[in-house]
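Here's the structure, in structure tokens; my notes come after.
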Amino acid sequence: MNVRPVAPADAAQWRRMRLALWPDSVPDEIDQFFTGLLHEPLAVLVADDGGALVGFVELSIRNIAEGCSTDRVAYLEGWWVDVGKRRQGIGRALVRAAEEWGRAQGCSEFASDTEIDNEDSAKAHAALGFEEVERIRCFRKSL
């Protein structure tokens with residue numbers, strides 16, 4: 001298994017996993033990413049298992065992140081490993097590579113979030129050394 005930056009040839013497999021993680025995501029965002037029209041994510045790393053992608057992380061840099069004290073925080077925007085490939089170290093390898101990416105960007109903190117009731121994600125984050133710093137509920141209103 002190899003963790004590497006996503007490439008245009010990976011678009012269909014990345015799209016498949018992205019839709020599994022975010023069913024309401026916009027499929028053409030992947031095309032926008034490769035043409036430089038998408039502002040986030042800044043980077044995407046994929047786990048390649050013999051030519052088949054089995055996981056990905058989407059990364060950005062945020063100037064504000066809950067519980068962080070710096071204004072340049074590497075942020076784990078999305079994290080996915082195919083269901084049949086979980087608990088084999090793929091998620092850990094992706095997050096470790098994401099940490100290295102953050103360090104290379106000059107960040108000294110790495111943050112993430114999950115939905116308040118996603119206990120599996122919370123456990124996975126804790127297993128990789130993340131500490132929970134806050135719980136929030138977000139609101140919106142149409143104008």
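Labels used: A, B, ... for chains in the order of the structure tokens, numbers from 1 for residues in each chain, and numbers from 1 for ligands as shown.
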If we count only C-alpha atoms, what is near Gly84 (chain A) at a cut-off of 12 Å, once residues fewer than 4 positions away on the same chain are taken out, given as an MDAnalysis selection string? chainID A and resid 54:55 80 88 90
If you count only C-alpha atoms, which residues fall within 7 Å of Val57 (chain A), apart from same-chain ones fewer than 3 positions away, as a PyMOL selection string? chain A and resi 44-46+76+78-80+94
For the structure I just gave you, how does DSSP split chain A - specifically, which residues are alpha helix (DSSP H)? Reply as a PyMOL selection string. chain A and resi 11-21+29-35+90-104+119-127
May I have all residues of chain A that DSSP, computed from the backbone, assigns to strand (DSSP E), given as a PyMOL selection string? chain A and resi 2-5+43-49+52-62+73-81+110-112
Filtering to C-alpha atoms, could you give me those residues as a short mmCIF file (atom, residue, chain, number, x, y, z; two decimals), in the first residue's frame?
```
data_model
loop_
_atom_site.label_atom_id
_atom_site.label_comp_id
_atom_site.auth_asym_id
_atom_site.auth_seq_id
_atom_site.Cartn_x
_atom_site.Cartn_y
_atom_site.Cartn_z
CA ASN A 2 1.34 3.39 -1.03
CA VAL A 3 0.19 6.85 0.09
CA ARG A 4 0.71 9.49 -2.58
CA PRO A 5 -0.80 12.71 -3.95
CA ALA A 43 -4.12 18.77 -1.22
CA VAL A 44 -5.50 15.27 -1.55
CA LEU A 45 -3.54 12.18 -0.62
CA VAL A 46 -4.69 8.71 -1.64
CA ALA A 47 -3.94 5.19 -0.47
CA ASP A 48 -3.09 3.07 -3.51
CA ASP A 49 -3.31 -0.69 -3.00
CA ALA A 52 -6.86 0.45 -6.72
CA LEU A 53 -7.53 3.40 -4.45
CA VAL A 54 -8.81 2.34 -1.04
CA GLY A 55 -8.74 5.62 0.89
CA PHE A 56 -8.11 9.34 0.78
CA VAL A 57 -7.63 12.46 2.87
CA GLU A 58 -8.50 15.98 1.81
CA LEU A 59 -6.42 18.71 3.43
CA SER A 60 -6.50 22.47 3.86
CA ILE A 61 -4.94 25.14 5.97
CA ARG A 62 -7.22 27.12 8.24
CA VAL A 73 -3.46 24.99 11.10
CA ALA A 74 -3.26 21.96 8.84
CA TYR A 75 -6.83 20.67 8.66
CA LEU A 76 -8.16 17.22 7.88
CA GLU A 77 -11.24 18.16 5.87
CA GLY A 78 -12.16 14.62 4.86
CA TRP A 79 -10.91 11.13 5.61
CA TRP A 80 -12.15 7.90 4.05
CA VAL A 81 -11.07 4.27 3.90
CA PHE A 110 -3.21 19.61 12.94
CA ALA A 111 -6.97 19.66 13.48
CA SER A 112 -10.08 17.87 12.33
#
```
Please provide the set of residues having any atom within 9 Å of region 19-28 of chain A, restricted to only C-alpha atoms, with same-chain residues fewer than 3 positions apart removed, written as a list in words.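 Counting only the stated atoms, we get Trp14, Arg15, Arg16, Asp31, Gln32, Phe33, Gly78, Trp79, Trp80 and Asp82 of chain A.
Nearest residue to Phe34 (chain A), choosing from A:Gly50, A:Gly106, A:Gly91, A:Pro8 and counting only C-alpha atoms: A:Pro8.
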